[in-house]
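Participant: Contents of upload-v3.txt (compact mmCIF, C-alpha atoms and all ligand atoms) are below:
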```txt
# COMPACT_ATOMS: atom_id res chain seq x y z
CA ALA A 1 45.91 -75.38 -47.07
CA MET A 2 48.64 -77.89 -47.80
CA ILE A 3 47.41 -81.47 -48.20
CA SER A 4 49.02 -84.73 -49.25
CA LEU A 5 48.84 -86.15 -52.76
CA ARG A 6 46.99 -89.18 -51.45
CA GLN A 7 44.21 -87.08 -49.95
CA LEU A 8 43.73 -85.23 -53.21
CA LEU A 9 43.90 -88.24 -55.53
CA ASP A 10 41.50 -90.25 -53.37
CA HIS A 11 39.02 -87.40 -53.82
CA ALA A 12 39.76 -87.29 -57.56
CA ALA A 13 39.13 -91.01 -57.90
CA GLU A 14 35.91 -90.81 -55.94
CA HIS A 15 34.65 -88.03 -58.21
CA GLN A 16 36.26 -89.28 -61.46
CA TYR A 17 38.47 -86.34 -62.32
CA GLY A 18 42.15 -85.76 -63.04
CA VAL A 19 44.45 -83.14 -61.54
CA PRO A 20 47.05 -81.34 -63.62
CA ALA A 21 50.41 -81.32 -61.82
CA PHE A 22 52.23 -78.23 -62.99
CA ASN A 23 55.99 -77.83 -62.68
CA VAL A 24 57.03 -74.60 -60.97
CA ASN A 25 60.33 -72.76 -60.87
CA ASN A 26 59.47 -69.16 -60.10
CA LEU A 27 56.99 -66.63 -58.73
CA GLU A 28 55.25 -66.00 -62.04
CA GLN A 29 54.41 -69.66 -62.65
CA ILE A 30 53.12 -70.13 -59.12
CA GLN A 31 50.99 -66.98 -59.33
CA ALA A 32 49.58 -68.00 -62.71
CA ILE A 33 48.61 -71.47 -61.49
CA MET A 34 47.05 -70.12 -58.28
CA GLN A 35 45.06 -67.48 -60.17
CA ALA A 36 43.76 -70.18 -62.51
CA ALA A 37 42.88 -72.42 -59.56
CA GLN A 38 41.06 -69.56 -57.86
CA LYS A 39 39.16 -68.72 -61.02
CA THR A 40 38.04 -72.32 -61.57
CA ASP A 41 37.80 -73.40 -57.92
CA SER A 42 40.34 -76.20 -58.44
CA PRO A 43 42.75 -77.98 -56.10
CA VAL A 44 46.37 -77.74 -57.24
CA ILE A 45 49.51 -79.82 -57.42
CA LEU A 46 52.66 -77.70 -57.62
CA GLN A 47 55.71 -79.79 -58.38
CA ALA A 48 59.41 -79.00 -58.32
CA SER A 49 61.93 -80.92 -60.39
CA ALA A 50 65.61 -81.30 -59.64
CA GLY A 51 66.12 -78.53 -62.19
CA ALA A 52 63.66 -76.27 -60.33
CA ARG A 53 65.43 -76.87 -57.03
CA LYS A 54 68.71 -75.99 -58.68
CA TYR A 55 67.24 -72.87 -60.31
CA ALA A 56 65.35 -71.38 -57.36
CA GLY A 57 66.72 -73.30 -54.39
CA GLU A 58 64.51 -75.40 -52.14
CA PRO A 59 63.93 -72.63 -49.53
CA PHE A 60 62.66 -70.20 -52.17
CA LEU A 61 60.34 -72.81 -53.66
CA ARG A 62 59.00 -73.78 -50.27
CA LYS A 63 58.49 -70.19 -49.11
CA MET A 64 56.78 -69.19 -52.35
CA VAL A 65 54.39 -72.13 -52.03
CA GLU A 66 53.76 -71.18 -48.38
CA ALA A 67 52.92 -67.69 -49.64
CA ALA A 68 50.53 -69.21 -52.17
CA ALA A 69 48.78 -71.13 -49.37
CA GLU A 70 48.49 -67.91 -47.38
CA MET A 71 47.12 -65.89 -50.29
CA TYR A 72 44.67 -68.59 -51.36
CA PRO A 73 43.44 -70.15 -48.10
CA ASP A 74 40.53 -71.93 -49.78
CA ILE A 75 42.60 -73.81 -52.37
CA PRO A 76 44.05 -77.20 -51.36
CA ILE A 77 47.71 -77.36 -52.42
CA VAL A 78 49.97 -80.38 -52.80
CA LEU A 79 53.68 -79.58 -52.89
CA HIS A 80 55.24 -82.47 -54.77
CA GLN A 81 58.82 -83.32 -55.53
CA ASP A 82 59.06 -84.44 -59.14
CA HIS A 83 61.43 -87.24 -60.23
CA GLY A 84 63.45 -87.86 -57.08
CA ALA A 85 66.51 -89.81 -58.16
CA SER A 86 67.33 -91.33 -54.77
CA ALA A 87 65.98 -91.95 -51.28
CA ALA A 88 68.24 -89.14 -50.03
CA VAL A 89 66.68 -86.61 -52.39
CA CYS A 90 63.22 -87.66 -51.22
CA MET A 91 64.24 -87.38 -47.56
CA GLN A 92 65.54 -83.88 -48.13
CA ALA A 93 62.26 -82.82 -49.73
CA MET A 94 60.25 -84.33 -46.87
CA ARG A 95 62.35 -82.49 -44.34
CA SER A 96 61.79 -79.21 -46.13
CA GLY A 97 58.00 -79.57 -46.09
CA PHE A 98 56.98 -81.22 -49.33
CA THR A 99 53.72 -83.15 -48.82
CA SER A 100 54.47 -85.63 -51.59
CA VAL A 101 57.54 -87.06 -53.27
CA MET A 102 58.22 -89.02 -56.41
CA MET A 103 60.79 -91.76 -56.05
CA ASP A 104 61.68 -92.42 -59.67
CA GLY A 105 63.37 -95.80 -59.39
CA SER A 106 62.77 -96.58 -63.06
CA LEU A 107 66.21 -95.05 -63.54
CA GLN A 108 69.36 -95.49 -61.49
CA GLU A 109 70.65 -92.66 -59.27
CA ASP A 110 72.28 -91.01 -62.28
CA ALA A 111 68.72 -90.42 -63.60
CA LYS A 112 69.91 -91.69 -66.97
CA THR A 113 70.40 -95.45 -66.87
CA PRO A 114 67.34 -97.73 -66.79
CA ALA A 115 67.28 -99.56 -63.44
CA SER A 116 66.47 -103.18 -62.66
CA TYR A 117 63.02 -104.09 -61.39
CA ASP A 118 64.47 -105.24 -58.08
CA TYR A 119 66.30 -101.96 -57.54
CA ASN A 120 63.12 -100.04 -58.28
CA VAL A 121 61.04 -102.11 -55.84
CA GLY A 122 63.66 -101.87 -53.09
CA VAL A 123 64.35 -98.15 -53.21
CA THR A 124 60.69 -97.23 -53.67
CA ARG A 125 59.62 -99.39 -50.73
CA ARG A 126 62.22 -97.75 -48.49
CA VAL A 127 60.97 -94.28 -49.43
CA VAL A 128 57.34 -95.31 -48.83
CA GLU A 129 58.22 -96.55 -45.33
CA MET A 130 59.89 -93.26 -44.41
CA ALA A 131 57.33 -91.03 -46.10
CA HIS A 132 54.26 -92.72 -44.66
CA ALA A 133 55.73 -92.44 -41.18
CA VAL A 134 55.46 -88.66 -41.53
CA GLY A 135 52.24 -88.42 -43.57
CA VAL A 136 53.91 -87.75 -46.93
CA SER A 137 52.67 -89.45 -50.11
CA VAL A 138 54.83 -91.29 -52.62
CA GLU A 139 54.59 -91.61 -56.38
CA GLY A 140 56.60 -94.41 -57.96
CA GLU A 141 57.36 -95.05 -61.61
CA LEU A 142 57.39 -98.30 -63.49
CA GLY A 143 58.59 -98.28 -67.08
CA CYS A 144 60.77 -95.66 -68.77
CA LEU A 145 59.41 -92.59 -70.52
CA GLY A 146 60.38 -92.71 -74.16
CA SER A 147 59.26 -92.31 -77.72
CA LEU A 148 57.85 -95.41 -79.38
CA GLU A 149 58.74 -93.71 -82.68
CA SER A 150 62.45 -93.27 -82.00
CA GLY A 151 63.21 -95.36 -78.93
CA ARG A 152 64.67 -92.32 -77.23
CA ALA A 153 63.77 -90.56 -73.98
CA GLY A 154 63.02 -87.43 -75.93
CA GLU A 155 64.10 -84.62 -73.63
CA GLU A 156 66.37 -82.32 -75.55
CA ASP A 157 68.05 -81.02 -72.37
CA GLY A 158 69.34 -84.42 -71.32
CA SER A 159 66.87 -85.40 -68.57
CA GLY A 160 65.53 -88.93 -68.85
CA ALA A 161 67.08 -92.18 -70.01
CA GLU A 162 70.18 -91.98 -72.14
CA GLY A 163 70.64 -94.15 -75.24
CA GLN A 164 68.13 -96.45 -76.90
CA LEU A 165 65.21 -97.95 -75.02
CA THR A 166 63.41 -101.10 -76.03
CA HIS A 167 59.69 -101.18 -76.81
CA GLU A 168 59.24 -103.27 -73.65
CA GLN A 169 60.96 -100.71 -71.42
CA MET A 170 58.69 -97.96 -72.73
CA LEU A 171 55.40 -99.71 -71.98
CA THR A 172 54.48 -100.54 -68.39
CA ASP A 173 53.46 -104.17 -67.98
CA PRO A 174 50.09 -104.49 -66.16
CA GLU A 175 51.06 -107.67 -64.30
CA GLN A 176 54.35 -106.19 -63.12
CA ALA A 177 52.50 -103.00 -62.12
CA ALA A 178 50.25 -105.04 -59.84
CA ASP A 179 53.27 -106.69 -58.24
CA PHE A 180 55.06 -103.33 -57.90
CA VAL A 181 52.15 -101.65 -56.13
CA ALA A 182 51.66 -104.63 -53.81
CA GLN A 183 55.36 -104.73 -52.88
CA THR A 184 55.96 -101.00 -52.46
CA GLY A 185 52.68 -99.56 -51.18
CA VAL A 186 52.98 -96.45 -53.38
CA ASP A 187 50.12 -93.93 -53.34
CA ALA A 188 50.31 -93.29 -57.07
CA LEU A 189 52.01 -94.97 -59.99
CA ALA A 190 53.56 -93.25 -62.99
CA ILE A 191 53.30 -95.42 -66.06
CA ALA A 192 55.06 -95.42 -69.42
CA ILE A 193 52.81 -95.34 -72.49
CA GLY A 194 54.99 -93.71 -75.14
CA THR A 195 55.11 -90.13 -73.87
CA SER A 196 58.36 -88.30 -73.20
CA HIS A 197 59.39 -85.05 -71.57
CA GLY A 198 59.87 -81.83 -73.51
CA ALA A 199 58.43 -80.29 -76.65
CA TYR A 200 59.47 -83.01 -79.11
CA LYS A 201 57.21 -85.94 -78.31
CA PHE A 202 55.73 -87.00 -81.64
CA SER A 203 56.56 -86.19 -85.26
CA ARG A 204 52.85 -86.40 -86.14
CA LYS A 205 49.54 -86.20 -84.36
CA PRO A 206 49.79 -89.38 -82.26
CA THR A 207 47.75 -92.49 -82.96
CA GLY A 208 47.45 -95.67 -80.89
CA ASP A 209 50.70 -97.17 -82.20
CA ILE A 210 52.81 -94.37 -80.69
CA LEU A 211 50.60 -93.25 -77.78
CA ALA A 212 49.37 -96.35 -75.96
CA ILE A 213 46.18 -95.18 -74.24
CA ASP A 214 44.99 -98.81 -74.42
CA ARG A 215 47.83 -99.72 -72.09
CA ILE A 216 46.30 -97.43 -69.45
CA LYS A 217 43.04 -99.34 -69.75
CA GLN A 218 44.83 -102.68 -69.26
CA ILE A 219 46.73 -101.41 -66.23
CA HIS A 220 43.62 -99.84 -64.70
CA ALA A 221 41.68 -103.08 -65.21
CA ARG A 222 44.41 -104.96 -63.31
CA ILE A 223 44.86 -102.40 -60.46
CA PRO A 224 41.62 -100.39 -60.35
CA ASN A 225 42.38 -98.88 -56.93
CA THR A 226 45.77 -97.43 -57.86
CA HIS A 227 45.97 -93.77 -58.87
CA LEU A 228 47.77 -93.60 -62.21
CA VAL A 229 50.07 -90.76 -63.25
CA MET A 230 50.82 -89.63 -66.79
CA HIS A 231 54.16 -87.91 -67.31
CA GLY A 232 55.17 -86.03 -70.43
CA SER A 233 51.58 -84.88 -70.82
CA SER A 234 51.96 -81.48 -72.39
CA SER A 235 49.74 -81.02 -75.41
CA VAL A 236 52.25 -78.72 -77.17
CA PRO A 237 49.64 -76.24 -78.48
CA GLN A 238 50.15 -75.49 -82.18
CA GLU A 239 48.89 -71.92 -81.54
CA TRP A 240 51.78 -71.22 -79.18
CA LEU A 241 54.29 -72.81 -81.55
CA ALA A 242 52.99 -70.42 -84.21
CA VAL A 243 53.36 -67.37 -81.93
CA ILE A 244 56.92 -68.36 -81.03
CA ARG A 245 57.83 -68.84 -84.70
CA GLU A 246 56.19 -65.55 -85.73
CA HIS A 247 58.37 -63.71 -83.27
CA GLY A 248 61.71 -65.16 -84.21
CA GLY A 249 61.70 -68.41 -82.26
CA GLN A 250 62.88 -71.62 -83.87
CA ILE A 251 60.76 -74.61 -83.02
CA LYS A 252 60.64 -77.57 -85.36
CA GLU A 253 57.42 -79.35 -86.29
CA THR A 254 56.22 -81.32 -83.28
CA TYR A 255 53.11 -82.72 -81.59
CA GLY A 256 52.15 -83.34 -77.99
CA VAL A 257 49.55 -85.43 -76.17
CA PRO A 258 46.08 -84.33 -77.30
CA VAL A 259 43.78 -83.22 -74.46
CA GLU A 260 41.14 -85.76 -75.66
CA GLU A 261 43.63 -88.59 -75.13
CA ILE A 262 44.33 -87.37 -71.58
CA GLN A 263 40.57 -87.25 -70.97
CA GLU A 264 40.37 -90.87 -72.13
CA GLY A 265 43.14 -91.70 -69.64
CA ILE A 266 41.20 -89.95 -66.86
CA ARG A 267 38.21 -92.17 -67.66
CA HIS A 268 40.54 -95.11 -66.94
CA GLY A 269 42.26 -94.28 -63.67
CA VAL A 270 44.65 -91.43 -64.50
CA ARG A 271 44.45 -88.96 -61.61
CA LYS A 272 47.63 -86.88 -61.95
CA VAL A 273 48.74 -85.36 -65.24
CA ASN A 274 52.23 -83.82 -65.37
CA ILE A 275 52.60 -80.62 -67.37
CA ASP A 276 55.70 -78.45 -67.65
CA THR A 277 56.41 -77.82 -71.34
CA ASP A 278 53.02 -76.23 -72.13
CA ILE A 279 53.58 -73.50 -69.55
CA ARG A 280 57.08 -72.94 -70.90
CA LEU A 281 55.76 -72.59 -74.45
CA ALA A 282 52.94 -70.23 -73.44
CA MET A 283 55.23 -68.00 -71.38
CA THR A 284 57.94 -67.92 -74.05
CA GLY A 285 55.41 -67.16 -76.79
CA ALA A 286 53.82 -64.37 -74.75
CA MET A 287 57.18 -62.81 -73.85
CA ARG A 288 58.47 -62.93 -77.43
CA ARG A 289 55.27 -61.29 -78.64
CA ALA A 290 55.33 -58.58 -75.95
CA MET A 291 58.99 -57.77 -76.50
CA GLY A 292 58.47 -57.52 -80.26
CA ARG A 293 55.47 -55.24 -79.79
CA ASP A 294 56.73 -52.88 -77.08
CA THR A 295 60.29 -52.38 -78.19
CA ALA A 296 60.76 -49.27 -76.03
CA GLU A 297 59.61 -51.07 -72.89
CA PHE A 298 62.31 -52.10 -70.44
CA ASP A 299 60.33 -52.94 -67.31
CA PRO A 300 60.44 -56.75 -67.27
CA ARG A 301 57.21 -56.86 -65.30
CA LYS A 302 55.37 -55.87 -68.47
CA PHE A 303 56.68 -58.92 -70.29
CA LEU A 304 56.28 -61.20 -67.31
CA LYS A 305 52.71 -60.05 -66.83
CA ASP A 306 51.88 -61.18 -70.37
CA ALA A 307 53.66 -64.46 -69.66
CA MET A 308 51.60 -64.93 -66.50
CA THR A 309 48.36 -64.25 -68.31
CA ALA A 310 49.26 -66.82 -70.97
CA ALA A 311 50.18 -69.41 -68.36
CA ARG A 312 47.02 -68.69 -66.37
CA GLU A 313 44.78 -69.20 -69.40
CA LEU A 314 46.52 -72.47 -70.23
CA CYS A 315 46.03 -73.70 -66.65
CA VAL A 316 42.35 -72.69 -66.68
CA ASP A 317 41.90 -74.78 -69.85
CA ARG A 318 43.53 -77.84 -68.26
CA PHE A 319 41.63 -77.53 -64.94
CA GLU A 320 38.39 -77.42 -66.91
CA ALA A 321 39.28 -80.15 -69.41
CA PHE A 322 40.34 -82.60 -66.69
CA GLY A 323 37.15 -82.13 -64.65
CA CYS A 324 39.13 -80.53 -61.83
CA ALA A 325 37.23 -77.23 -61.88
CA GLY A 326 34.79 -76.85 -59.00
CA ARG A 327 36.56 -79.51 -56.88
CA ALA A 328 38.56 -77.30 -54.48
O1 LIG A 401 60.91 -83.85 -65.41
C1 LIG A 401 60.73 -83.09 -66.34
C2 LIG A 401 60.23 -81.71 -66.14
O2 LIG A 401 59.83 -81.17 -67.37
C3 LIG A 401 61.26 -80.85 -65.43
O3 LIG A 401 62.26 -80.42 -66.26
O4 LIG A 401 64.40 -80.73 -64.98
O5 LIG A 401 64.21 -79.01 -66.82
O6 LIG A 401 63.06 -78.67 -64.64
P1 LIG A 401 63.57 -79.68 -65.64
P1 LIG A 402 56.01 -82.28 -70.24
O1 LIG A 402 57.42 -82.05 -70.69
O2 LIG A 402 55.21 -82.98 -71.29
O3 LIG A 402 55.33 -81.03 -69.80
O4 LIG A 402 56.05 -83.28 -68.98
C1 LIG A 402 56.37 -82.83 -67.71
C2 LIG A 402 56.62 -83.95 -66.73
O5 LIG A 402 56.33 -85.12 -66.96
C3 LIG A 402 57.25 -83.57 -65.46
O6 LIG A 402 57.51 -84.67 -64.64
NA NA A 403 56.16 -86.55 -60.37
ZN ZN A 404 58.02 -86.49 -65.61
```
In structure tokens, what does this structure look like?
Facilitator:
Amino acid sequence: AMISLRQLLDHAAEHQYGVPAFNVNNLEQIQAIMQAAQKTDSPVILQASAGARKYAGEPFLRKMVEAAAEMYPDIPIVLHQDHGASAAVCMQAMRSGFTSVMMDGSLQEDAKTPASYDYNVGVTRRVVEMAHAVGVSVEGELGCLGSLESGRAGEEDGSGAEGQLTHEQMLTDPEQAADFVAQTGVDALAIAIGTSHGAYKFSRKPTGDILAIDRIKQIHARIPNTHLVMHGSSSVPQEWLAVIREHGGQIKETYGVPVEEIQEGIRHGVRKVNIDTDIRLAMTGAMRRAMGRDTAEFDPRKFLKDAMTAARELCVDRFEAFGCAGRA
């Protein structure tokens, strides 16, 4: 059944677990996540980015998620809109049946330029008023995702802030977070702690100076009843990087957010953990391997089946690691 983000995260807080929020764009990703949820008895958050809506179209995404709810009647499903750049985008998602929306007012409507605090408060509060009137949850974001190593948003494909960010912009301030939550009434708050979107997050295994898990603890201490969200939380498995490289892919040396660090976050109020890149890496690695192995094969289902299996196994690992297994 479809439920709201708030319902799910309240349960997660009560029982001290975190929920992976997987980005979805197509049938294979949705199937893989649902199979993993079924196997581990986990509730799921399926989220669609602006890029996903452009790729599949909102009706396809919505209908595929409806199909997932029909095929897996015992699994609670949140359909969440990831990184809404404006109130209009959020309204559109609500109208088409999303049970949760993210109003990302940390950036202006161009989704590139860091926004003022007042803009963020104003636009997020407006979305909360509309969403709550129809039972939809809202995630807000305070602070800009970005690398504390380079001062850049990180995403190689151009999503996220453009240009240099200051250290201050990339670390959410606990006091301001308390004010933001009080003024907007958001159901969940995405915070900035040095992670960024995409595969290239850290040039080395991250330590406290570039991945500020301590900042989560400070924010949680200040607003213990707010559900915190970690973006850019792919772990970038070295095993999948190796498979991709072995089969002709070119991926430079890079490191993600270690699962142990996410677990530490979950002990301090993190309830939603956004993951897109890891599924991309697993599916790409599996497809490259399958295509290299079965060179006479031309039925794409064979390759996609391997990709689905790889994605499913990754999702099973995250459901288990975050304490989500057995909570459906
Ligand atoms: O927001 C970041 C997610 O990884 C989505 O990326 O816009 O390429 O679908 P995307
Ligand atoms: P990754 O790129 O680390 O998977 O992050 C995804 C994300 O934050 C989507 O909003
Ligand atoms: Na989101
Ligand atoms: Zn994100």
Participant: So that I can see what lies close to A:Ser137, please list as a ChimeraX atom specification the residues with an atom at most 12 Å from it, counting all atoms listed in the file and leaving out residues fewer than 3 positions away in the same chain.
Facilitator: /A:3-10,78-81,90,93-94,97-103,124,127-134,140,185-189,227
Participant: Name each residue within 10 Å of ligand NA 403 (chain A), counting only C-alpha atoms and all ligand atoms, as a ChimeraX atom specification.
Facilitator: /A:21-23,45-49,80-84,100-104,138-141,188-190,229-231,272-275
Participant: Residues within 10 Å of (59.7, -86.6, -73.0), file coordinates, counting all atoms listed in the file: what are they? Give the list as a count of residues only.
Facilitator: 26
Participant: Can you measure atom CA of A:Ile191 to atom CA of A:Met2 for me? One decimal in Å is fine.
Facilitator: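 Going from atom CA of A:Ile191 over to atom CA of A:Met2 covers 25.7 Å.
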Participant: Need the shell around A:Ala325: protein/DNA/RNA residues with any atom at most 12 Å away, counting all atoms listed in the file. Skip same-chain ones fewer than 6 positions apart. Format as a list in words?
Facilitator: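 Once the adjacent positions are removed, what remains is Ala12, His15, Tyr17, Gly18, Val19, Pro20, Ala36, Ala37, Gln38, Lys39, Thr40, Asp41, Ser42, Pro43, Val44, Ile75, Cys315, Val316, Asp317, Arg318 and Phe319 of chain A.
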Participant: Of the candidates A:Ala192, A:Ile216, A:Ala307, A:Ile210, which one gets nearest to A:Tyr255 if we count all atoms listed in the file?
Facilitator: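 The answer is A:Ile210, which sits nearest to A:Tyr255.
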Participant: Give the answer as one residue: which of A:Ile30, A:Val136, A:Leu107, A:Leu171 has the shortest atom-to-atom distance to A:Gly151, using all atoms listed in the file?
Facilitator: A:Leu171
